[in-house]
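Just below is one structure, and these are the notes that go with it.
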Amino acid sequence: MDKFSSEKVDVVIVGAGASGSLIAARLAEAGKSVVLLDAGPGWVADDLISSQIWARRLRWGGAPVQSVGGHPYAFTFNAGWGLGGAALHHYGTWPRLHEEDFRVKSLYGKALDWPVSYEDLQPFYDRIQEEVGVAGDAKAEIWRPEGAPYPLPPVPSFGQGEIIAKGFEALGMTTAPAPMAVLTEPYKGRPACVYDGWCDAGCPINALWNPLISYLPRAREAGADIRPRSTVLRVLSEGTRATGVEYINAESGITVQHASLVILAASAVLNPALLLNSASDTHPDGLANSSGKVGRYFMAHAIASVYGLFEEETAVSLGLTGAQLTCRDGYKKDLREGMLGSYQWLIAPAMKPNDLLGIATARADLYGKPLEDFMRQAVNHMGNMIAMVEELPVEENRIELSEDRDANGMRIPRIVHAFSDDALKVWGYAKAEGLAVFEAAGADQPWNGPLGSAHMMGGTIMGDDRTASVTDSYGRTHDIPNLVIAGPGLFPTSGANNPTFTLHAVTLRATDHMIGHWSDYAG
Amino acid sequence: MNLDAAQLNRRTLLKRGALGALAFEVGGRAVMLTAAEARAESLPLIVLSAEEAGLVDALGRAVVPGADEAGLVHYLDHQFAGDPGAALLMLRYMDVPPPYADFYRAGLNGVDATAKREFGRSLPALDEDEAHTLVGMITGGDPEGWEGPPAALFYFIFRADAVDVTYGTVEGFERLGVPYVPHIAPLEQW
């Protein structure tokens, strides 16, 4: 196999998802030479076919990832594959984390604290939402922390959303339009959403935010070299400096890309796997792992789903895959005796007939004629919502390396994951509450789905204590100053809110710091 | 139906791709057909044997009415023959490593062995009620003597594929009376 080195650049970034693309754009625009590598295809908007079947191409298609433990994590479904990463198929639900999410240990004596506060991140949330175009009603979101009002009016509520909202109202609970990175009116040259419910398959009209819309074009325009189908095998290092990465693609074979700064933005699972696979004589336990915390504190959100059939027409196949409405009355972590953790309701996601989150799967026990009968009724009368439940960080939940190897000879990642007792208790509480809401809304015999998992966080957590964390608050590894981690793998706690808005804010803050302190990073 | 590959220009292929068609080889040329059209044309199978196709047809019909006519056999065969990294199978979401056909073969053999054990006949020879009963035996866990992937997982995956070809296409949406309203027709790469 050919092996050659390419010219040294200022920055090599691994992973062209939300974080990697944002960093590439900012650093390239700051005049840095940037190479952006991604293992998957070079998607363009025209690839985003409106189909739940074809949407699967956007999920991880690289080397196998093993998943074990009490509650094995569904990696492929949650991960991205190719330019845009998971943000290409994300649903655009963009709540901010709450103040308490950053201080869980201090407030409750459990879990971890972040090395930054909400106040530190607020300006970056505000900047990002203006750039991306987030729709919402800040006043109606009574739980929302301080921040600039949304730049766009909220998404509409209709069909199942209006019906389910009545259930919340009957129980004295509050709903508000879900904060969505979806355009409710034309914005910065992009069109408004048409609410056809195909968000999961990617949004080719650019109403739902993804990195193909702006960050990747900006990076290219500023001179960044974006290389899809390039799988990074290891980070190269000499002493306490990263020197570049070794990667493979079909055209060049195994290639070394030298860089002054190496940034890993490959995902909360693949970043730690890459660090562990980059062990050397100097770093026998993996790069940036003097703390032994690389791969530790992996987190997912526990998902409680609620379904029901209503007499009214619900238009369940239309709207947004994310949600029409939200309720965060249950967000405060210590409201419930004997359990600690937040949850939020995402109300009235659009459901197509098929797929993992589709109508047919909601009654996976049905087959034959009963399935056909159910489908014909449900496509017009079904409603649904999900509770997204916090998982507190547990060190034993981790990314490690399997003894099995991929086609390139690298040890493949293994995710070891089980939800904590707290998460399971809050999940159970939310399930029961959801049924009560649906009954109050008039659903006929509502039911719950099985325990699900969504999002991936932790594994390379940030912290002030270098013996208990992997990076500082900017994602710079404690051990190797020119090696930076980006993305939700940095989160020390998960909160109960979708992570994409926060990962953008964390990344933007880190990128400002890199640009302002370049010599500290690149030496 | 008799489709002439020469009559399908690129624009037609693009539009057909948006409607759920897949690229099948006909006379040495790639033709975009839906799985149902491929079945109606009796296109040769690449990976599945005739016996395996019979099992898929019979089980598909029992799990999701209409799945056989919607072309489940050709859909699965097409997916097994392609790049696993570009697969459209629900199995992709389960973090099961390829080759994916191995999973289905083991599951189908398990179901057929259960049919022979319980009814004394192979799955395709069962009547509708017997097939329904057989499916019920694999939904909740491994039947006695089961060999293969976890029966409930195989049922879930197989059912999801059958649901995809039956309800997840434009024709499937129409069958259910659901508006398909695709966002945008692809302009290239299809």
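If you're wondering about the labels, chains in the structure tokens are A, B, ... by order shown, residues count from 1 in each chain, ligands from 1 in order shown.
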Show me, as an NGL selection string, the residues of chain B whose atoms get within 6 Å of chain A, using only C-alpha atoms for the distance check.
:B and (62-65 or 85-86 or 88 or 93 or 97 or 164 or 168 or 176 or 182 or 186)
Mind checking which residues fall within 9 Å of range 7-20 of chain A, counting only C-alpha atoms, ignoring those fewer than 5 positions away in the same chain, and posting them as a PyMOL selection string?
chain A and resi 25+27+32-39+80-88+210-211+215-216+226+228+231-232+244-245+257-267+271+486-488+500+503-504+506-508+522
Which residues come within 6 Å of range 135-146 of chain A, counting only C-alpha atoms, excluding same-chain residues fewer than 4 positions away, as a count of residues only?
8
Between B:Ala125, B:Ala67, B:Leu33, B:Val73, smallest distance to Ser49 in chain B by only C-alpha atoms belongs to B:Val73
Members of range 181-327 of chain A assigned strand (DSSP E or B) by DSSP, as a PyMOL selection string:
chain A and resi 182+187+190+196+208+225-227+231-238+241-249+253-264+296+299-309+319+325-327
Hey, what's within 7 Å of Thr460 in chain A if we count only C-alpha atoms and toss same-chain stuff fewer than 5 positions away? As a ChimeraX atom specification, please?
/A:272,294-296,470,489-490
For C-alpha atoms, I'd like the residues from the last selection saved as a PDB file, in the first residue's frame.
```pdb
ATOM      1  CA  PRO A 272     -11.554   8.381  22.541  1.00  0.00           C
ATOM      2  CA  VAL A 294     -10.092   8.819  28.123  1.00  0.00           C
ATOM      3  CA  GLY A 295     -13.266   6.978  27.184  1.00  0.00           C
ATOM      4  CA  ARG A 296     -14.810   7.388  30.637  1.00  0.00           C
ATOM      5  CA  VAL A 470      -9.046  14.866  29.660  1.00  0.00           C
ATOM      6  CA  GLY A 489     -17.606  14.223  24.142  1.00  0.00           C
ATOM      7  CA  LEU A 490     -16.368  17.156  26.209  1.00  0.00           C
TER       8      LEU A 490
END
```
Using CA of Ala279 in chain A and CA of Phe298 in chain A as the two end points, give the distance in Å to one decimal.
20.4 Å
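Atom to atom, CA of Leu320 in chain A and CA of Ala304 in chain A stand 18.6 Å apart.
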Suppose you want the space between CA of Tyr474 in chain A and CA of Asp520 in chain A; what is it in Å?
12.3 Å
Show me, as a compact mmCIF listing (two decimals) with all heavy atoms, in the first residue's frame, the residues that have an atom within 6 Å of range 145-161 of chain B when counting only C-alpha atoms, minus same-chain residues fewer than 5 positions from it.
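Output below, filename around.txt:
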```txt
# COMPACT_ATOMS: atom_id res chain seq x y z
N ALA B 106 -29.24 -17.04 8.78
CA ALA B 106 -29.35 -17.76 10.06
C ALA B 106 -30.76 -17.62 10.62
O ALA B 106 -31.33 -18.58 11.15
CB ALA B 106 -28.31 -17.23 11.05
N GLY B 107 -31.32 -16.43 10.52
CA GLY B 107 -32.67 -16.22 11.03
C GLY B 107 -33.71 -17.00 10.25
O GLY B 107 -34.61 -17.63 10.82
N GLY B 110 -33.55 -20.56 11.09
CA GLY B 110 -34.15 -20.79 12.41
C GLY B 110 -35.67 -20.85 12.32
O GLY B 110 -36.31 -21.71 12.94
N ILE B 138 -41.98 -16.47 17.32
CA ILE B 138 -40.64 -15.85 17.34
C ILE B 138 -40.66 -14.40 17.80
O ILE B 138 -39.61 -13.78 17.92
CB ILE B 138 -39.97 -15.92 15.94
CG1 ILE B 138 -40.75 -15.10 14.91
CG2 ILE B 138 -39.82 -17.37 15.48
CD1 ILE B 138 -40.01 -14.91 13.61
N THR B 139 -41.83 -13.88 18.07
CA THR B 139 -41.88 -12.46 18.44
C THR B 139 -41.38 -12.20 19.85
O THR B 139 -40.84 -11.13 20.13
CB THR B 139 -43.31 -11.91 18.33
OG1 THR B 139 -44.17 -12.68 19.18
CG2 THR B 139 -43.82 -11.98 16.90
N GLY B 140 -41.59 -13.15 20.75
CA GLY B 140 -41.28 -12.87 22.15
C GLY B 140 -39.97 -13.43 22.63
O GLY B 140 -39.58 -13.23 23.78
```
Taking the backbone alone, and naming residues the way the document does, which bits of range 200-274 of chain A are helix (DSSP H, G or I) by DSSP, as a PyMOL selection string?
chain A and resi 200-201+215-221+270-274
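Minimum atom-to-atom distance to Gly409 in chain A, evaluated using only C-alpha atoms, belongs to A:Leu233 out of A:Leu233, A:Ala28, A:Met457, A:Val437.
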Considering only C-alpha atoms, return as an NGL selection string whatever protein or nucleic-acid residues lie within 12 Å of Pro98 in chain B, sequence-local ones (same chain, fewer than 2 positions apart) excluded.
(:A and (61-65 or 406)) or (:B and (79-87 or 89 or 91-96 or 100-104))
